[in-house]
Each structure stands twice: as structure tokens, then as C-alpha cells.
$ cat model-v7.tsv   # TSV, C-alpha atoms
chain	number	residue	atom	x	y	z
A	1	MET	CA	161.69	76.63	41.26
A	2	SER	CA	163.60	78.68	43.81
A	3	THR	CA	162.72	82.34	44.26
A	4	VAL	CA	163.54	85.18	46.60
A	5	ASN	CA	160.25	84.53	48.33
A	6	SER	CA	158.60	81.24	47.47
A	7	LYS	CA	155.30	82.07	49.14
A	8	ARG	CA	152.68	84.10	47.38
A	9	PRO	CA	152.37	87.68	48.59
A	10	PRO	CA	149.24	88.94	50.30
A	11	SER	CA	146.88	91.06	48.25
A	12	ALA	CA	144.45	93.82	49.02
A	13	ALA	CA	141.66	91.50	47.89
A	14	SER	CA	142.65	89.01	50.61
A	15	GLY	CA	142.17	91.44	53.45
A	16	HIS	CA	145.61	93.03	53.61
A	17	PHE	CA	144.45	96.58	52.97
A	18	THR	CA	146.00	97.93	56.17
A	19	HIS	CA	149.35	96.35	55.47
A	20	LEU	CA	149.45	97.77	51.96
A	21	VAL	CA	148.72	101.19	53.44
A	22	TYR	CA	151.62	100.81	55.88
A	23	CYS	CA	153.94	99.73	53.09
A	24	SER	CA	152.89	102.63	50.86
A	25	VAL	CA	153.17	105.27	53.58
A	26	VAL	CA	156.56	104.07	54.82
A	27	SER	CA	158.05	103.88	51.33
A	28	GLY	CA	156.40	107.17	50.34
A	29	ALA	CA	157.85	109.00	53.33
A	30	ALA	CA	161.33	107.54	52.85
A	31	LEU	CA	161.37	108.28	49.13
A	32	THR	CA	160.06	111.82	49.58
A	33	LEU	CA	162.85	112.63	51.99
A	34	ILE	CA	165.60	110.97	49.95
A	35	CYS	CA	164.58	111.52	46.35
A	36	THR	CA	162.78	114.88	46.19
A	37	PRO	CA	166.06	116.82	45.72
A	38	LEU	CA	166.85	114.70	42.66
A	39	ASP	CA	163.39	115.37	41.25
A	40	VAL	CA	163.85	119.10	41.79
A	41	ILE	CA	167.19	119.03	39.96
A	42	LYS	CA	165.72	117.07	37.04
A	43	ASN	CA	162.58	119.18	36.70
A	44	GLN	CA	164.51	122.44	36.96
A	45	TRP	CA	166.92	121.24	34.30
A	46	GLN	CA	164.20	120.06	31.93
A	47	GLY	CA	161.55	122.70	32.54
A	48	SER	CA	162.89	125.86	34.17
A	49	THR	CA	163.09	128.97	32.02
A	50	ARG	CA	166.53	129.79	33.45
A	51	PHE	CA	168.02	126.94	31.39
A	52	ALA	CA	165.89	127.49	28.28
A	53	LYS	CA	168.80	128.60	26.10
A	54	ASP	CA	171.31	125.86	26.89
A	55	ARG	CA	169.69	122.80	28.48
A	56	THR	CA	172.01	120.41	26.64
A	57	LYS	CA	175.14	122.32	27.61
A	58	VAL	CA	174.77	122.63	31.37
A	59	THR	CA	175.88	119.97	33.84
A	60	THR	CA	174.20	118.46	36.88
A	61	GLN	CA	176.62	120.33	39.14
A	62	PHE	CA	175.75	123.63	37.45
A	63	VAL	CA	172.03	123.04	37.95
A	64	ILE	CA	172.58	122.21	41.62
A	65	ARG	CA	174.64	125.36	42.19
A	66	SER	CA	172.08	127.49	40.37
A	67	ILE	CA	169.21	126.20	42.49
A	68	TYR	CA	171.18	126.66	45.70
A	69	LYS	CA	172.29	130.20	44.87
A	70	ALA	CA	168.85	131.29	43.74
A	71	SER	CA	166.65	129.70	46.40
A	72	GLY	CA	168.75	128.15	49.16
A	73	PRO	CA	168.94	124.56	50.46
A	74	LEU	CA	165.23	124.16	51.24
A	75	ALA	CA	164.46	124.56	47.54
A	76	PHE	CA	165.64	121.00	47.01
A	77	TRP	CA	162.57	119.78	48.90
A	78	ARG	CA	160.12	121.99	47.03
A	79	GLY	CA	156.98	120.06	46.18
A	80	ALA	CA	157.61	117.49	48.91
A	81	LEU	CA	153.95	117.32	49.96
A	82	PRO	CA	152.54	116.46	46.52
A	83	ALA	CA	155.53	114.16	46.05
A	84	PHE	CA	154.57	112.24	49.19
A	85	PHE	CA	150.98	111.85	48.01
A	86	VAL	CA	152.10	110.79	44.54
A	87	LEU	CA	154.52	108.18	45.84
A	88	SER	CA	152.26	106.80	48.57
A	89	ALA	CA	149.07	106.69	46.50
A	90	SER	CA	150.85	105.38	43.43
A	91	ASN	CA	152.51	102.56	45.37
A	92	PHE	CA	149.25	101.62	47.09
A	93	ILE	CA	147.22	101.55	43.88
A	94	PHE	CA	149.91	99.81	41.89
A	95	PHE	CA	150.74	97.02	44.34
A	96	SER	CA	147.08	96.42	45.23
A	97	LEU	CA	146.11	95.88	41.60
A	98	PHE	CA	149.35	94.16	40.68
A	99	GLU	CA	148.90	91.45	43.29
A	100	ILE	CA	145.33	90.83	42.15
A	101	TRP	CA	146.11	90.66	38.44
A	102	ARG	CA	149.40	88.80	38.60
A	103	GLU	CA	147.57	85.67	39.80
A	104	LYS	CA	146.25	85.09	36.29
A	105	ASN	CA	148.58	87.19	34.14
A	106	TRP	CA	152.22	87.46	33.16
A	107	PRO	CA	153.80	89.81	35.77
A	108	ALA	CA	154.87	92.40	33.20
A	109	TYR	CA	151.34	92.56	31.76
A	110	ALA	CA	149.81	92.85	35.23
A	111	ALA	CA	152.32	95.59	36.06
A	112	CYS	CA	151.43	97.58	32.94
A	113	LYS	CA	147.72	97.45	33.72
A	114	ALA	CA	148.29	98.40	37.35
A	115	ARG	CA	150.58	101.26	36.35
A	116	LEU	CA	147.96	102.60	33.95
A	117	PHE	CA	145.42	102.96	36.75
A	118	ALA	CA	148.00	104.41	39.15
A	119	VAL	CA	149.17	107.04	36.66
A	120	LEU	CA	145.65	108.16	35.77
A	121	THR	CA	144.71	108.45	39.45
A	122	VAL	CA	147.70	110.45	40.71
A	123	ALA	CA	148.13	112.58	37.57
A	124	PRO	CA	146.80	115.82	39.14
A	125	MET	CA	149.26	115.62	42.05
A	126	GLU	CA	152.08	114.66	39.69
A	127	TYR	CA	151.27	117.71	37.59
A	128	MET	CA	151.38	119.94	40.67
A	129	ARG	CA	154.69	118.47	41.79
A	130	THR	CA	156.28	119.02	38.40
A	131	ARG	CA	155.05	122.60	38.08
A	132	LEU	CA	156.14	123.50	41.62
A	133	GLN	CA	159.60	122.04	41.18
A	134	ALA	CA	160.19	123.48	37.72
A	135	SER	CA	159.08	127.02	38.63
A	136	MET	CA	160.78	128.31	41.76
A	137	GLY	CA	159.02	131.21	43.44
A	138	THR	CA	155.59	130.33	42.07
A	139	SER	CA	152.96	129.37	44.62
A	140	ALA	CA	150.74	126.31	44.36
A	141	ARG	CA	147.69	128.58	44.32
A	142	HIS	CA	149.04	130.58	41.38
A	143	ILE	CA	149.78	127.37	39.47
A	144	LEU	CA	146.26	126.06	40.06
A	145	VAL	CA	144.57	129.33	39.10
A	146	THR	CA	146.66	129.67	35.94
A	147	ALA	CA	146.07	126.06	34.92
A	148	PHE	CA	142.30	126.31	35.39
A	149	GLU	CA	142.17	129.59	33.48
A	150	GLU	CA	144.03	128.02	30.57
A	151	GLU	CA	142.26	124.67	30.25
A	152	GLY	CA	139.91	124.08	33.16
A	153	LEU	CA	139.88	120.82	35.09
A	154	GLY	CA	141.51	118.95	32.21
A	155	SER	CA	144.74	120.84	32.86
A	156	MET	CA	145.37	118.55	35.83
A	157	TRP	CA	145.94	115.70	33.36
A	158	ARG	CA	148.20	117.72	31.08
A	159	GLY	CA	151.09	115.58	29.89
A	160	ILE	CA	149.27	112.33	30.60
A	161	VAL	CA	150.12	110.82	27.19
A	162	PRO	CA	153.93	111.08	27.51
A	163	THR	CA	153.59	110.01	31.15
A	164	LEU	CA	151.87	106.81	30.06
A	165	LEU	CA	154.37	106.35	27.23
A	166	ARG	CA	157.10	106.65	29.85
A	167	ASP	CA	155.66	104.60	32.70
A	168	ILE	CA	153.95	101.67	30.97
A	169	PRO	CA	157.00	100.57	28.93
A	170	PHE	CA	159.09	101.22	32.03
A	171	SER	CA	156.88	98.84	34.02
A	172	ALA	CA	157.14	96.20	31.30
A	173	VAL	CA	160.95	96.41	31.22
A	174	TYR	CA	161.27	96.67	34.99
A	175	TRP	CA	159.07	93.75	35.97
A	176	THR	CA	160.31	91.50	33.18
A	177	ALA	CA	163.91	92.11	34.25
A	178	TYR	CA	163.09	91.76	37.94
A	179	GLU	CA	161.05	88.56	37.69
A	180	LYS	CA	163.52	86.88	35.33
A	181	SER	CA	166.43	87.83	37.57
A	182	LYS	CA	164.61	86.66	40.69
A	183	THR	CA	163.50	83.29	39.34
A	184	ASP	CA	166.32	82.37	36.93
A	185	LEU	CA	169.47	84.39	37.56
A	186	LEU	CA	169.55	84.76	41.33
A	187	PRO	CA	169.34	81.02	42.18
A	188	GLN	CA	172.28	80.43	39.81
A	189	LEU	CA	174.36	83.17	41.39
A	190	ASP	CA	173.61	82.06	44.95
A	191	SER	CA	173.28	78.31	45.39
A	192	ARG	CA	172.53	78.79	49.10
A	193	LEU	CA	169.73	81.27	48.51
A	194	GLU	CA	167.16	79.57	50.74
A	195	GLU	CA	169.66	79.45	53.61
A	196	ARG	CA	170.27	83.18	53.66
A	197	HIS	CA	169.01	85.41	56.43
A	198	PRO	CA	165.45	86.66	55.76
A	199	PHE	CA	166.76	90.23	55.54
A	200	VAL	CA	169.06	89.20	52.68
A	201	ARG	CA	166.39	87.22	50.83
A	202	ASN	CA	163.52	89.62	51.39
A	203	PHE	CA	165.14	93.05	51.33
A	204	ALA	CA	168.77	93.06	50.19
A	205	TYR	CA	168.31	90.90	47.09
A	206	PRO	CA	165.06	92.60	45.97
A	207	PHE	CA	166.78	95.95	46.58
A	208	VAL	CA	169.72	95.09	44.31
A	209	LEU	CA	167.53	93.54	41.62
A	210	GLY	CA	165.16	96.50	41.77
A	211	LEU	CA	168.10	98.89	41.43
A	212	ALA	CA	169.38	97.15	38.30
A	213	ALA	CA	165.95	96.79	36.70
A	214	GLY	CA	165.04	100.38	37.57
A	215	THR	CA	168.20	101.71	35.95
A	216	ALA	CA	167.51	99.85	32.71
A	217	GLY	CA	163.89	100.99	32.57
A	218	THR	CA	164.80	104.59	33.36
A	219	VAL	CA	167.36	104.91	30.59
A	220	LEU	CA	165.03	103.41	27.98
A	221	SER	CA	162.02	105.55	28.93
A	222	HIS	CA	163.81	108.86	29.53
A	223	PRO	CA	162.95	110.63	26.24
A	224	PHE	CA	159.27	110.55	27.19
A	225	ASP	CA	160.13	111.99	30.59
A	226	VAL	CA	161.69	114.98	28.84
A	227	VAL	CA	158.51	115.43	26.78
A	228	LYS	CA	156.29	115.03	29.85
A	229	THR	CA	158.19	117.60	31.90
A	230	THR	CA	158.35	120.04	28.98
A	231	ILE	CA	154.57	119.94	28.63
A	232	GLN	CA	153.78	120.11	32.34
A	233	ALA	CA	156.43	122.55	33.52
A	234	THR	CA	155.60	125.42	31.19
A	235	GLY	CA	151.91	124.97	30.56
A	236	LYS	CA	150.91	126.28	27.17
A	237	MET	CA	153.96	128.54	26.86
A	238	SER	CA	157.63	127.72	26.40
A	239	TYR	CA	160.82	129.52	25.41
A	240	SER	CA	162.70	129.42	22.14
A	241	PRO	CA	166.52	129.06	22.11
A	242	ASP	CA	166.88	132.86	21.87
A	243	GLY	CA	164.76	133.36	25.00
A	244	HIS	CA	161.50	134.50	23.38
A	245	LYS	CA	158.23	133.20	24.77
A	246	GLU	CA	156.23	131.03	22.39
A	247	ARG	CA	153.10	128.91	22.47
A	248	LEU	CA	153.85	125.27	23.24
A	249	SER	CA	152.04	122.46	21.48
A	250	GLN	CA	150.43	119.89	23.77
A	251	ASN	CA	150.89	117.18	21.15
A	252	SER	CA	153.55	114.77	22.40
A	253	LEU	CA	155.01	114.14	18.96
A	254	MET	CA	155.27	117.86	18.22
A	255	VAL	CA	156.93	118.49	21.57
A	256	LEU	CA	159.34	115.62	20.92
A	257	ARG	CA	160.28	117.13	17.57
A	258	GLY	CA	160.68	120.53	19.21
A	259	VAL	CA	163.04	119.15	21.84
A	260	ILE	CA	165.18	117.58	19.12
A	261	ALA	CA	165.07	120.75	17.00
A	262	ARG	CA	166.27	122.91	19.89
A	263	GLY	CA	168.86	120.62	21.41
A	264	GLY	CA	169.49	117.82	18.94
A	265	TRP	CA	169.29	114.23	20.06
A	266	ARG	CA	171.10	115.26	23.24
A	267	GLY	CA	167.95	117.12	24.17
A	268	LEU	CA	166.32	113.76	24.89
A	269	THR	CA	168.96	112.99	27.53
A	270	VAL	CA	168.58	116.22	29.54
A	271	GLY	CA	168.20	115.36	33.21
A	272	LEU	CA	169.03	111.68	32.73
A	273	LEU	CA	171.64	111.49	35.49
A	274	PRO	CA	169.45	112.90	38.31
A	275	ARG	CA	166.51	110.83	37.07
A	276	VAL	CA	168.53	107.60	37.17
A	277	ALA	CA	169.84	108.63	40.58
A	278	LYS	CA	166.24	109.11	41.71
A	279	VAL	CA	164.22	106.40	39.96
A	280	ALA	CA	166.60	103.47	40.43
A	281	PRO	CA	166.79	103.78	44.25
A	282	THR	CA	163.07	104.62	44.32
A	283	CYS	CA	162.30	101.28	42.70
A	284	ALA	CA	164.83	99.50	44.90
A	285	ILE	CA	163.51	100.98	48.15
A	286	SER	CA	159.85	100.47	47.22
A	287	LEU	CA	160.43	96.88	46.20
A	288	GLY	CA	162.67	96.13	49.17
A	289	ILE	CA	160.09	97.47	51.63
A	290	TYR	CA	157.26	95.72	49.80
A	291	GLU	CA	159.00	92.33	49.74
A	292	SER	CA	159.93	92.74	53.41
A	293	PHE	CA	156.32	93.42	54.34
A	294	LYS	CA	155.23	90.36	52.38
A	295	TRP	CA	157.68	88.15	54.25
A	296	PHE	CA	156.72	89.68	57.60
A	297	LEU	CA	153.02	89.10	57.00
A	298	VAL	CA	153.45	85.55	55.74
A	299	GLU	CA	155.70	84.62	58.64
$ encode --input "model-v7.tsv" --output "C-alpha cells"
Amino acid sequence: MSTVNSKRPPSAASGHFTHLVYCSVVSGAALTLICTPLDVIKNQWQGSTRFAKDRTKVTTQFVIRSIYKASGPLAFWRGALPAFFVLSASNFIFFSLFEIWREKNWPAYAACKARLFAVLTVAPMEYMRTRLQASMGTSARHILVTAFEEEGLGSMWRGIVPTLLRDIPFSAVYWTAYEKSKTDLLPQLDSRLEERHPFVRNFAYPFVLGLAAGTAGTVLSHPFDVVKTTIQATGKMSYSPDGHKERLSQNSLMVLRGVIARGGWRGLTVGLLPRVAKVAPTCAISLGIYESFKWFLVE
């Protein structure tokens, strides 16, 4: 059976720890630089109090202009440091475990298990990134102090349930689509696959397949991203449609119902465009770099 890369990839268990670190750091740095602005736009749209009254009515362009006018161009890279740690650590943990478990498991199942461990590990930094990006003008120290005063250490894992509900199904959809496309669809579309330049086989094709699979997974999992950001961005307090501050439930189902009550079903699509614009290339770049490293090491 022809594949993009017919040789098995190296794994952390086989002594490729250093190479996985390189792959994670390179992809983390690239993605932080490229995708942080899109994360800022999404988190501001979903969680900032300035859009509390009309989240479903504003446009991506309006959110961008509002951020720029209020905080300047550097605001689009707010939270870049925790973003780098989240992306690098998450990629390292995920790919290390994925390569170990995929030897004896269906790739989608191995991906879900690996994603579970990655999400639980980087949750505190993900929480910090979301809070920093959703609340312009608030320092990291203030966020930490407030969070610990409200809930103690457990606050660092606030929103973990919707995060898992978002990321684990996403991984299942993503890796099922990617593996099926790589092993079944791609050889049919390109009969000369094995003759292509290594860059095409080991970066370009994985990049395109990752982009398509990432888009599908992002759209399907987006409602839980709205719930996750709503819980993390505002802590225990939120804002009603008329602008009054109110206590926010930490129960994912209650938050989901609240989002629908305030904005209708459209409320579950808030921030979808910047998230697709961020997650799809994130998956494509990560996978392209990862597959390239695998080929380089094997060769």
C-alpha cells in the first residue's frame, strides 16, 4: 500500500527524544509568530467584555479594528510566550505518545489518547493564554492572583471539560481524515506519488492534507471552543446581554445553554472564522514539519 511516507516514523521510545524536541520547538516558534494574532482575535471576540452585548452581530473586521484602536498592533501578539509553551509542549507530548501508541492501535484512537495527556499537561498555560488574550490591559500576575483567590490551584484547569470535548473529537476526526486521505485518496489522485520530490511527498502533501483535515475538525468542534473560552476568559463572572455583571456557571452544559440563550444558535459560531484561519494552518504546519523531520531522520 502506497503512502506519503512508507517507512515508519521514529518515536521517542526509540531514542529520538532530541529530534522530537527540535520538531516541537521549530513548529511552536513558527506557529506562535504566525497564528497568535488569530488567537487574540478569536479570544477577544468570544470572551472580551467589550463585545458582551453583541457577540453574534459583530464581524471579524470589526473585532480587528477594535483591538487595533484600543491597544495597538502589538496587542495581536499578546500572550505569545504562553502560546509558545502550549504549542511546543503540546506537540512534543502528543507526537511522542502518538508514535508509541499507534504501533498497536488505530491512529485515531492513539491520537485521542495522546491528545488527552497533552491537554491535561498544558492546561495551566492554555488557561493563562486565553485569559491574557481575552482581557487586554490585565497583567499575568493579576490574572494568577485573581484565579488563585477564586479557586486555588484548581483554577489553572478551569475549562478543562469543554477543552477535552473540543480536542478529543477533533483529534479523532482529524487523524481519521488524514490517514484515510494519505493511504487511500492520495495514491489515487497522484499515480506517480513515489516519484515525487521528497519535499512534495514529505511536506507539501502532508501540509495540504493537514489543512483539509484541520478545517473539518475545527468546524465540527467549534461549539465547545466557545464554551471553553467563555469559562476561561471571564473566570467566575460574565456579562448579561444588557451589560450587567453576573456569576458564571462552570458547568459546561449550563454555559452552553447560556451561550444559546444570549445569542441563539449563532452564538456557537462566534469566532469560527479566525479559529479556522488559525487551527487549519496550525495543523498543516505542525504535520508538515513533523513528516519532514521523519523523512530526514530515516534518510
$ atom_distance --input "model-v7.tsv" --atom1 "CA of Gly214 in chain A" --atom2 "CA of Val276 in chain A"
8.0 Å
$ closest_residue --input "model-v7.tsv" --among "A:Leu20, A:Arg275, A:Gly137, A:Ser27" --to "Ala75 in chain A" --atoms "all atoms listed in the file"
A:Gly137
$ atom_distance --input "model-v7.tsv" --atom1 "CA of Ser48 in chain A" --atom2 "CA of Phe170 in chain A"
25.0 Å
$ residues_around --input "model-v7.tsv" --residues "range 251-264 of chain A" --least-positions-apart "3" --cutoff "10 Å" --atoms "all atoms listed in the file" --output "list in words"
Ala52, Lys53, Asp54, Arg55, Thr56, Lys57, Gly159, Ile160, Val161, Pro162, Thr163, Leu165, Pro223, Phe224, Val226, Val227, Lys228, Thr230, Ile231, Ser240, Pro241, Leu248, Gly267, Leu268, Thr269 and Val270 of chain A
$ write_last_selection --input "model-v7.tsv" --atoms "C-alpha atoms" --output "PDB file, keeping the file's coordinate frame"
ATOM      1  CA  ALA A  52     165.890 127.490  28.280  1.00  0.00           C
ATOM      2  CA  LYS A  53     168.800 128.600  26.100  1.00  0.00           C
ATOM      3  CA  ASP A  54     171.310 125.860  26.890  1.00  0.00           C
ATOM      4  CA  ARG A  55     169.690 122.800  28.480  1.00  0.00           C
ATOM      5  CA  THR A  56     172.010 120.410  26.640  1.00  0.00           C
ATOM      6  CA  LYS A  57     175.140 122.320  27.610  1.00  0.00           C
ATOM      7  CA  GLY A 159     151.090 115.580  29.890  1.00  0.00           C
ATOM      8  CA  ILE A 160     149.270 112.330  30.600  1.00  0.00           C
ATOM      9  CA  VAL A 161     150.120 110.820  27.190  1.00  0.00           C
ATOM     10  CA  PRO A 162     153.930 111.080  27.510  1.00  0.00           C
ATOM     11  CA  THR A 163     153.590 110.010  31.150  1.00  0.00           C
ATOM     12  CA  LEU A 165     154.370 106.350  27.230  1.00  0.00           C
ATOM     13  CA  PRO A 223     162.950 110.630  26.240  1.00  0.00           C
ATOM     14  CA  PHE A 224     159.270 110.550  27.190  1.00  0.00           C
ATOM     15  CA  VAL A 226     161.690 114.980  28.840  1.00  0.00           C
ATOM     16  CA  VAL A 227     158.510 115.430  26.780  1.00  0.00           C
ATOM     17  CA  LYS A 228     156.290 115.030  29.850  1.00  0.00           C
ATOM     18  CA  THR A 230     158.350 120.040  28.980  1.00  0.00           C
ATOM     19  CA  ILE A 231     154.570 119.940  28.630  1.00  0.00           C
ATOM     20  CA  SER A 240     162.700 129.420  22.140  1.00  0.00           C
ATOM     21  CA  PRO A 241     166.520 129.060  22.110  1.00  0.00           C
ATOM     22  CA  LEU A 248     153.850 125.270  23.240  1.00  0.00           C
ATOM     23  CA  GLY A 267     167.950 117.120  24.170  1.00  0.00           C
ATOM     24  CA  LEU A 268     166.320 113.760  24.890  1.00  0.00           C
ATOM     25  CA  THR A 269     168.960 112.990  27.530  1.00  0.00           C
ATOM     26  CA  VAL A 270     168.580 116.220  29.540  1.00  0.00           C
TER      27      VAL A 270
END
$ atom_distance --input "model-v7.tsv" --atom1 "CA of Gly288 in chain A" --atom2 "CA of Glu99 in chain A"
15.7 Å
$ axis_aligned_box --input "model-v7.tsv" --around "range 142-158 of chain A" --padding-each-side "3 Å" --output "lines of an AutoDock Vina configuration file"
center_x = 144.8
center_y = 123.1
center_z = 35.8
size_x = 15.9
size_y = 20.9
size_z = 17.1
$ closest_residue --input "model-v7.tsv" --among "A:Tyr174, A:Phe203, A:Trp45, A:Phe92" --to "Ala114 in chain A" --atoms "all atoms listed in the file"
A:Phe92
$ residues_near_point --input "model-v7.tsv" --point "(154.7, 113.7, 45.6)" --cutoff "12 Å" --atoms "only C-alpha atoms" --output "PyMOL selection string"
chain A and resi 25+27-33+35-37+39-40+77-91+122-133
$ residues_near_point --input "model-v7.tsv" --point "(145.7, 95.0, 41.2)" --cutoff "9 Å" --atoms "only C-alpha atoms" --output "MDAnalysis selection string"
chainID A and resid 11:13 93:102 110:111 113:114
